[in-house]
4 protein chains.
Amino acid sequence: MQGPQDNTTTMPDSTAPALRAAVVGATGYSGQELLRLLVRHPHVDVTGAFGSSSTDAPRRLPALAKVFDGDVVPYSDDAVAACADVAFVGLPEAASATVVPALVARGLQVIDLSGAFRLRDRGLRAQWYPKSPDPLPDGTAYGLAEFDAAALRGARLVSCPGCYPTASLLALEPLVGAGLIDAAADVVIDAKSGISGAGKGATERTHFSENHGSVAAYGPFGHRHTPEMEQELGRQVTFVPHLVPLDRGLMATIHTRLERGASPDAVRDAYARAFANAPFVRLTADTLPEIKHVAHTNFCDIGWRIDVASGRIVLVSVIDNLVKGAAGQAVQNFNVSRGFDETLGLR
Amino acid sequence: MQGPQDNTTTMPDSTAPALRAAVVGATGYSGQELLRLLVRHPHVDVTGAFGSSSTDAPRRLPALAKVFDGDVVPYSDDAVAACADVAFVGLPEAASATVVPALVARGLQVIDLSGAFRLRDRGLRAQWYPKSPDPLPDGTAYGLAEFDAAALRGARLVSCPGCYPTASLLALEPLVGAGLIDAAADVVIDAKSGISGAGKGATERTHFSENHGSVAAYGPFGHRHTPEMEQELGRQVTFVPHLVPLDRGLMATIHTRLERGASPDAVRDAYARAFANAPFVRLTADTLPEIKHVAHTNFCDIGWRIDVASGRIVLVSVIDNLVKGAAGQAVQNFNVSRGFDETLGLR
Amino acid sequence: MQGPQDNTTTMPDSTAPALRAAVVGATGYSGQELLRLLVRHPHVDVTGAFGSSSTDAPRRLPALAKVFDGDVVPYSDDAVAACADVAFVGLPEAASATVVPALVARGLQVIDLSGAFRLRDRGLRAQWYPKSPDPLPDGTAYGLAEFDAAALRGARLVSCPGCYPTASLLALEPLVGAGLIDAAADVVIDAKSGISGAGKGATERTHFSENHGSVAAYGPFGHRHTPEMEQELGRQVTFVPHLVPLDRGLMATIHTRLERGASPDAVRDAYARAFANAPFVRLTADTLPEIKHVAHTNFCDIGWRIDVASGRIVLVSVIDNLVKGAAGQAVQNFNVSRGFDETLGLR
Amino acid sequence: MQGPQDNTTTMPDSTAPALRAAVVGATGYSGQELLRLLVRHPHVDVTGAFGSSSTDAPRRLPALAKVFDGDVVPYSDDAVAACADVAFVGLPEAASATVVPALVARGLQVIDLSGAFRLRDRGLRAQWYPKSPDPLPDGTAYGLAEFDAAALRGARLVSCPGCYPTASLLALEPLVGAGLIDAAADVVIDAKSGISGAGKGATERTHFSENHGSVAAYGPFGHRHTPEMEQELGRQVTFVPHLVPLDRGLMATIHTRLERGASPDAVRDAYARAFANAPFVRLTADTLPEIKHVAHTNFCDIGWRIDVASGRIVLVSVIDNLVKGAAGQAVQNFNVSRGFDETLGLR
C-alpha cells in the first residue's frame, strides 16, 4: 500500500481509484457526521465503520439509513488496517492515544479528532492528556487548513484542532499574527457551545432537563483547550466555556484590545489577507454572526466591532461544532493532506 | 400517634400544630417540587428529606438553597417514621412497592406518586406493576381531587394518578360520565410530554441532543397508564404518548365522537357542572389551551372543538407534569385527605 | 424556448446545457432552502432570486454567503421570464395565485409550493383558496413523486403537496390503496410541526417566548390541508395540527383501524411494494421514527404499530417540513417532471 | 390619600388596610408577572390593570385566569389615579417618560421598570433616553434593594435597575466597593439573556426560528445598560449581551482582575458581608450557578473562580430576567420603599 505522501505530489484526476476510508468511533456524534460527509466524497470509499471497543455488538445507525447502511462493527487494529488506507478516528482522548499509534504503525494515514496529539510541549501534554504517547508519532501534524496547509501536506497523522480552538484561532490568529493585538492586554474568550459538544455520554450534565431553559459556565482556568490555544497564539488567554441549550453550534466571543494605533482598516485588511483563499471562512464585519447561519455547514463566520476611542475590540466567531469543529474540519484537513481540492465532500 | 382519619373531622384552625412531613425521593424532579411546595404549606413542617436508598450520601439541593436547606439523607423506614406524620413518596414503582407499605405499617399517612398502588384489578396490577403488593394496604385510595374527594378523605395511603391520566381523565370523565361520548367510538389519546416526564435518569432517551429539535412517539398499546385510564373510564382507550422538546408540561389531545344527539351546549354544561367548585381547572372552551399557560402551576386547562355535522370532538387538556401531574396534585390530594382547603400551599 | 415536455423524452447527459432557474420568494424559509438545493443541482443554473413583491429593496442573504451570493431583487413577471426556463415559487397562496399563471403564460415551467393549485374540485378550491384561478392552468399536475410520477412528467405547472399532506399521504396511501384500512373507521391525523411551518412572518404566534416550553393545537376541523388529504385519499380524515417548540420538522401520528383480517404482514408488504423504488422513503417498521433523523434531509421515515387483537394501527411519519415538505420535494418533483434522476441535488 | 412616606415610619400590621395597586402595561411579559406577584401580596389589592395606550380594547389574560380575572383596560392617567395608591409601570421607555411623571403629579407612588429614570447625569440621559424628563421628578430613587435600601425608603418614584445591571451589579459592587478589583483592569461583562428580555414585540429578532438553535451577540459598546452600570460602579465596563435560545433567565459572566494582593478569602468575605441580610442572593462560590436554578424565582445566584497565580477572576451571576430582573425586583423595591418585609409576595 502506498503511504499518503505519495498521493500528494499530483492532484488525482477523476479516474483515480478512490481511497478506502474507515471511521472509528462511528456511533458518536462526530463519527456519524464523518460517515455522512465521507459517503459523498468523490475520492473516498467508506469501507468500514467501527465502534469504540472490541466488545461492542455490531449495529446499524438508523439515522443514516440509505446514507450509510453498513454495520458498525467492533474495533480492532487488524480489522481497520485490513479494510482502509485512511482512518478517521473520533474517540475519547484516552482511546485515541492507544488506537492512533497502532494504526499509524500499520501504515494507515490517520485523521484524529481527539486532543491526544495536539500539544507539542511534552510537559503540557503529560499534564492535560496523560495517556498520550511521547514522543508523538513521526509525521504528526496539528493544524487548521486555513493557516497550516503546508504542515498538513502529506501528514501521516493529522491531529485536528478542538472545537473551541477552531473558532477562536480563526478569529484571533490573523490579528495576533499582524501585530494588531496589544501584547499586554487580556484576551478573554467567552465561548458558548451546544450540548453535542459534551459528547454522547448520558450524564446529568447532558440530560435534557438540566439544559433546557438554562446556561451553565464550566471549566474556567481549567479547560484543556486553553493550552492548545496558547500554544498556537504564543500568549495567555482567559477561556470560559458555557453550555447553551441548543444541539449543534458554537460561538466564541473574544474581548481584547488593539495595539495602540491599530486602525479598523488594518483589522479588516488583516482578515481579508488571511482568508483571501479560504472557502469556508465568511467575514461578516460589523454584522455580528449567528450560530444559526453556520449550523450543518463547514463555514466559520467571523465578525467584529471596535470602540475606536478606547481601542477595545470584540470578535465573534461561530461554527457548527460537529462540522467545522470536528468532522468537516477533519475532511478538510484530509483533503489538504492529500492535495485534493479543500472543499471536496463539504459543499 | 394519631391516624389521619382523626384529623379530618374538623377543619384545623390556624393555631393547630403543623403536621410533620417527610419527602422520600427528594432528589428527583418530583421530589424537589414537593419540597418547594411543602415548605410554604401553612399546616406542614418539612421535617425530613430522604433519598431513594439507604446508601446515598447526604447531599444538599443547590437549586433549593434558601428554600429548603436541609440535607437529603439516606432512606430508612425508621428514620422516616421517627420524624414524620405523613410521607410524600416520589420513588420508582418498584421502590415504592416496598417502601410505602412499610411506612403505612408504621402508622404514617403516605401520599404516593408512583404507579404501584393505582390499579385495583389484581391481574392487571400483577401484569403492569409486578412488584406491587397484593392485596393493597387497607385504607388505600386512588383518585383525582376533582372527582374522588370522598374516597380521599381520611385515606391512609393516597395513590396519586399518573401524569397522563390526570390530564386525560379530567377532560374525559365529565363527558363519559354524562353519557355524551359515543359508546362505540374509539377514544384516541395522543399525548405530548416534556422530558422531565421521563425522569431524572441519564439515558440516551433523556440526552439533550436526542430530544432538541425532535419529537418521538413511544409505547403505543403498551404504556401502563393505559390500564389506569381504562379502569377509571370503564372503556378502552388508544393511548400514544410522545416526547416533545420541552422540560415541563404535558398535553393530551383526545379524538373521539359524541353520542348521537349530544349538543355543544350539553358538553359545555357537563364541564361547567363537573368543575363548578374546582379551583385548579380552567375551561377555555374553543380557545384551545397551551402548555405555557399552566407551566409551574397546579392548573389543568381544558378546551374543545366539535364538528357538529359529523359529531367528532377534539379535547385538549394541558398540565405541568411535575405540578398537577405529580407534586402539586399530591399536595392537593393530601389537603383533601385531611379536610384542608384544597388550595393550601398551591397558590 | 422549448417547453418542458420536450426535455422528458430523453435523460439529459452530463454535457446538456443547464436549465436556467429562478427562485421567487427567495427570502422566505422555503425560498432560502430552494436556493441552497438548486445551486448544487448539476442540471440547473440559478439565474435569479426574487422577492415577493415589486417594491422590496434588493438584499443579500447573509446565511447563504458563499453559497448563493446574488441579490434578491424585486419581483416582476418580465424579470423572471427574462432570466429563467423554470421558476420555483415559494409565495403565500394569494400571491402565487396571481404570479404563477403569469409565469406559465410566459412559457416558463413553474414549480409552485403554495396551496393555490392543489385542489381539483372547483367548489373546494373557491372555499379554501378564494384567490385561486378557475380553471387551473393547462398542464397543472399535483402530486407526490412517490405516487404520481406519471402525472408529473412534463407538467408545465407542478403544484407541490403541503407539508402535512406529504407526511400523511406517504404513510396512508399505500394502506388505503391496498384496501387495508377499515372503510368505516375514523382516520385521525394528529400532527406536530416545527415553527418554521408557520412561516417567516413575525407574529405573536411565531414569537420565541410563546412557543418555547409550549405546545399549541390549532385549526381542528378547519385547516386547508384537510381537503387536500381527503382529495387524495377519497375519504374523510380528522386532522389536528400542533406547533411544537422546534424549528424544522414535522410528525404525523395517524390513528385508525385495519380492515378486518388485514394482517401485519399485509401492512409490511404494502409499504414495501409502494416504496420499493423510492429513494427518499425509509421504512422503520416497529421502530417508530423521530424527527431528528430526517431534519435537513429529503427523507420521509415511516413506522407503525398494530394491536392485532383490536385491529387498531398507529402510523408515524416524519419529514423536514422545509425539505421533503417544501423545497426538497419541489426539486424532486422538478426532477421527475424533467425525467432526471429523482435524487439530483438532494443527496 | 396618604403619600408613601407616611407609611414607612412604622411596619404595618396585618390589620392595616391594603394599598390599592395598579399595573400599567399589564399585557407585556413584565406586566403579567407583576400581576401574578401582586395578587398574592398580603398588603396589596390589585385594583386595576391597564394597557399601554388609550386605544387598546379591553381584554382578558388567559394565562392568568383564576389568578387575575380582571380586564386589562385602556390607559388613562385619570383612570389609574382613580383606582390606585401605587402604580407599577412596565412600559417602553418613551411611554414611561410621559406616563410616570403624570402619575407622580397626581400623587401616586410609581414603581417604574423602564430605563427612563435611571441615569442621573443629564447629558447621558439625553443621549440614551431622549424622551426622559429633565429634571427627574422629585423623590426619584434608583436602586437595588440589596445596596440602596436607604435611598428607596419613602421614594415617590422608584426607578428599578435594568435586567443586565441587576445581575452584573450584584456581582460586581461588593468587590469594587471593597477595593478588590484592579482599578486599571478591564471589566468585561459577557451576558446571555433569554428572548423574553427582547420584549413581547413580534419582530424577526424575536421569531422562534431565528433563535432556536442559535446564539446572537448584539449591541457591543452601544447598549444603554452600559452607562447605567458605569454610573453605579464609577468605572468603565465592556458590555456585550447575547440572546440565547431560552425564554426566561439571564447570566452575566464577568471577566476582570483582582487588585494585587487581594486574596480569595477577601473576595469571599466581601460577598458574605454584602449579602449577610439579603434574602434573595445566594452565594454558590466555586460551584458556578446556572440559570435553571433561578428561573421563576426572585433569587440572584453568584459564583466565582480565581486564578490565583495571575489574579484573574471570573464572576457568574444569574437571575430570572422577568422576576429579579423586572417584576420581582419591582415588588421587592416597593416593599423596601414602604418599610415592609422585603420578601412579601415573593416567596
# chains A, B, ... in the order shown; residues from 1 in each chain; ligands from 1
>>> residues_around(residues="Arg120 (chain D)", least_positions_apart="2", cutoff="10 Å", atoms="only C-alpha atoms", output="list of chain:residue names")
D:Phe117, D:Arg118, D:Arg122, D:Gly123, D:Leu124, D:Arg125, D:Asp134, D:Pro135, D:Leu136, D:Thr140, D:Ala141, D:Tyr142, D:Glu228, D:Gln231
>>> interface_residues(of="chain C", to="chain D", cutoff="9 Å", atoms="only C-alpha atoms", output="ChimeraX atom specification")
/C:194-196,200-213,245-248
>>> select_by_dssp(residues="region 127-265 of chain A", states="alpha helix (DSSP H)", output="PyMOL selection string")
chain A and resi 127-128+149-152+163-177+208-211+225-233+264-265
>>> write_last_selection(atoms="C-alpha atoms", output="mmCIF file, in the first residue's frame")
data_model
loop_
_atom_site.group_PDB
_atom_site.id
_atom_site.type_symbol
_atom_site.label_atom_id
_atom_site.label_comp_id
_atom_site.auth_asym_id
_atom_site.auth_seq_id
_atom_site.Cartn_x
_atom_site.Cartn_y
_atom_site.Cartn_z
ATOM 1 C CA GLN A 127 -0.464 17.274 32.246
ATOM 2 C CA TRP A 128 -3.568 17.590 30.075
ATOM 3 C CA ALA A 149 -1.731 23.787 4.950
ATOM 4 C CA ALA A 150 1.987 23.335 4.427
ATOM 5 C CA ALA A 151 2.335 21.295 7.604
ATOM 6 C CA LEU A 152 -0.705 19.198 6.764
ATOM 7 C CA CYS A 163 -13.866 22.841 18.512
ATOM 8 C CA TYR A 164 -13.249 25.882 20.717
ATOM 9 C CA PRO A 165 -9.729 26.461 19.346
ATOM 10 C CA THR A 166 -11.058 26.230 15.792
ATOM 11 C CA ALA A 167 -13.497 29.090 16.248
ATOM 12 C CA SER A 168 -11.153 31.102 18.449
ATOM 13 C CA LEU A 169 -7.962 30.724 16.443
ATOM 14 C CA LEU A 170 -9.621 31.537 13.143
ATOM 15 C CA ALA A 171 -10.685 34.860 14.664
ATOM 16 C CA LEU A 172 -7.517 35.611 16.612
ATOM 17 C CA GLU A 173 -4.569 34.408 14.572
ATOM 18 C CA PRO A 174 -4.873 36.931 11.739
ATOM 19 C CA LEU A 175 -4.869 39.830 14.191
ATOM 20 C CA VAL A 176 -2.216 38.455 16.521
ATOM 21 C CA GLY A 177 -0.088 37.500 13.540
ATOM 22 C CA PHE A 208 -32.344 17.488 28.545
ATOM 23 C CA SER A 209 -33.991 18.920 31.633
ATOM 24 C CA GLU A 210 -30.711 20.213 33.065
ATOM 25 C CA ASN A 211 -30.010 22.271 29.959
ATOM 26 C CA HIS A 225 -8.417 23.703 25.079
ATOM 27 C CA THR A 226 -6.657 26.592 26.830
ATOM 28 C CA PRO A 227 -3.094 25.255 26.412
ATOM 29 C CA GLU A 228 -3.940 24.381 22.810
ATOM 30 C CA MET A 229 -4.914 27.970 22.057
ATOM 31 C CA GLU A 230 -1.961 29.339 23.992
ATOM 32 C CA GLN A 231 0.367 27.076 22.009
ATOM 33 C CA GLU A 232 -0.894 28.450 18.714
ATOM 34 C CA LEU A 233 -1.119 32.094 19.768
ATOM 35 C CA PRO A 264 -10.252 49.453 11.919
ATOM 36 C CA ASP A 265 -8.959 49.311 8.357
#
>>> residues_around(residues="Pro137 (chain B)", least_positions_apart="3", cutoff="12 Å", atoms="only C-alpha atoms", output="count of residues only")
26
>>> atom_distance(atom1="CA of Thr27 (chain C)", atom2="CA of Val336 (chain C)")
25.7 Å
>>> residues_around(residues="Phe50 (chain B)", least_positions_apart="6", cutoff="7 Å", atoms="only C-alpha atoms", output="PyMOL selection string")
chain B and resi 23-26+72-75
>>> write_last_selection(atoms="N, CA and C atoms", output="compact mmCIF listing (two decimals), in the first residue's frame")
# COMPACT_ATOMS: atom_id res chain seq x y z
N VAL B 23 -40.28 14.01 52.80
CA VAL B 23 -40.29 13.72 51.37
C VAL B 23 -39.29 12.60 51.12
N VAL B 24 -39.76 11.54 50.49
CA VAL B 24 -38.89 10.41 50.15
C VAL B 24 -38.67 10.42 48.64
N GLY B 25 -37.41 10.34 48.24
CA GLY B 25 -37.09 10.50 46.81
C GLY B 25 -36.89 11.97 46.50
N ALA B 26 -36.25 12.67 47.44
CA ALA B 26 -36.24 14.14 47.39
C ALA B 26 -35.31 14.71 46.34
N VAL B 72 -30.49 16.07 52.16
CA VAL B 72 -31.22 14.87 51.77
C VAL B 72 -30.41 13.69 52.29
N VAL B 73 -31.03 12.91 53.17
CA VAL B 73 -30.28 11.86 53.87
C VAL B 73 -30.70 10.48 53.36
N PRO B 74 -29.88 9.46 53.67
CA PRO B 74 -30.22 8.11 53.19
C PRO B 74 -31.57 7.66 53.73
N TYR B 75 -32.25 6.87 52.93
CA TYR B 75 -33.57 6.39 53.32
C TYR B 75 -33.50 5.24 54.33
>>> residues_around(residues="region 271-287 of chain A", least_positions_apart="5", cutoff="9 Å", atoms="only C-alpha atoms", output="PyMOL selection string")
(chain A and resi 145-147+170-171+173-175+266+297-306+324+342-343) or (chain C and resi 62+65-66)
>>> residues_around(residues="Val323 (chain A)", least_positions_apart="4", cutoff="9 Å", atoms="only C-alpha atoms", output="PyMOL selection string")
chain A and resi 30+33-34+248-249+295-299+319+327-330
>>> write_last_selection(atoms="C-alpha atoms", output="short mmCIF file (atom, residue, chain, number, x, y, z; two decimals), in the first residue's frame")
data_model
loop_
_atom_site.label_atom_id
_atom_site.label_comp_id
_atom_site.auth_asym_id
_atom_site.auth_seq_id
_atom_site.Cartn_x
_atom_site.Cartn_y
_atom_site.Cartn_z
CA SER A 30 -18.69 13.17 15.25
CA GLU A 33 -21.17 13.18 10.85
CA LEU A 34 -17.96 11.76 9.37
CA ARG A 248 -25.10 21.96 17.31
CA GLY A 249 -23.09 25.12 17.13
CA ALA A 295 -25.29 25.08 11.56
CA HIS A 296 -24.93 21.99 9.37
CA THR A 297 -22.17 23.67 7.31
CA ASN A 298 -18.39 23.78 7.36
CA PHE A 299 -18.35 27.58 7.49
CA ILE A 319 -19.03 27.33 13.74
CA ALA A 327 -15.97 16.03 11.19
CA GLY A 328 -16.00 18.68 8.48
CA GLN A 329 -12.65 20.04 9.50
CA ALA A 330 -11.29 16.50 9.54
#
>>> atom_distance(atom1="CA of Pro42 (chain A)", atom2="CA of Val331 (chain A)")
11.9 Å
>>> residues_around(residues="Asp182 (chain D)", least_positions_apart="6", cutoff="9 Å", atoms="only C-alpha atoms", output="MDAnalysis selection string")
chainID D and resid 176 256:260
>>> write_last_selection(atoms="N, CA and C atoms", output="compact mmCIF listing (two decimals), in the first residue's frame")
# COMPACT_ATOMS: atom_id res chain seq x y z
N VAL D 176 -15.94 45.73 43.94
CA VAL D 176 -15.47 47.08 43.62
C VAL D 176 -15.50 47.95 44.87
N THR D 256 -12.45 39.86 34.90
CA THR D 256 -11.63 41.01 35.28
C THR D 256 -10.42 40.51 36.08
N ARG D 257 -9.74 41.43 36.76
CA ARG D 257 -8.55 41.07 37.54
C ARG D 257 -8.66 41.63 38.95
N LEU D 258 -8.19 40.84 39.89
CA LEU D 258 -8.16 41.30 41.27
C LEU D 258 -7.06 42.34 41.45
N GLU D 259 -7.27 43.23 42.38
CA GLU D 259 -6.21 44.12 42.85
C GLU D 259 -5.06 43.25 43.36
N ARG D 260 -3.83 43.69 43.10
CA ARG D 260 -2.67 42.93 43.57
C ARG D 260 -2.80 42.67 45.07
>>> closest_residue(among="D:His293, D:His223, D:Ala84, D:Ile189", to="Val67 (chain B)", atoms="only C-alpha atoms")
D:His293
>>> atom_distance(atom1="CA of Leu344 (chain A)", atom2="CA of His41 (chain A)")
6.1 Å
>>> select_by_dssp(residues="region 84-150 of chain A", states="strand (DSSP E)", output="ChimeraX atom specification")
/A:86-89,109-112,140-142
>>> closest_residue(among="B:Asn333, B:Val215, B:Asp190, B:Gly70", to="His255 (chain C)", atoms="only C-alpha atoms")
B:Asp190
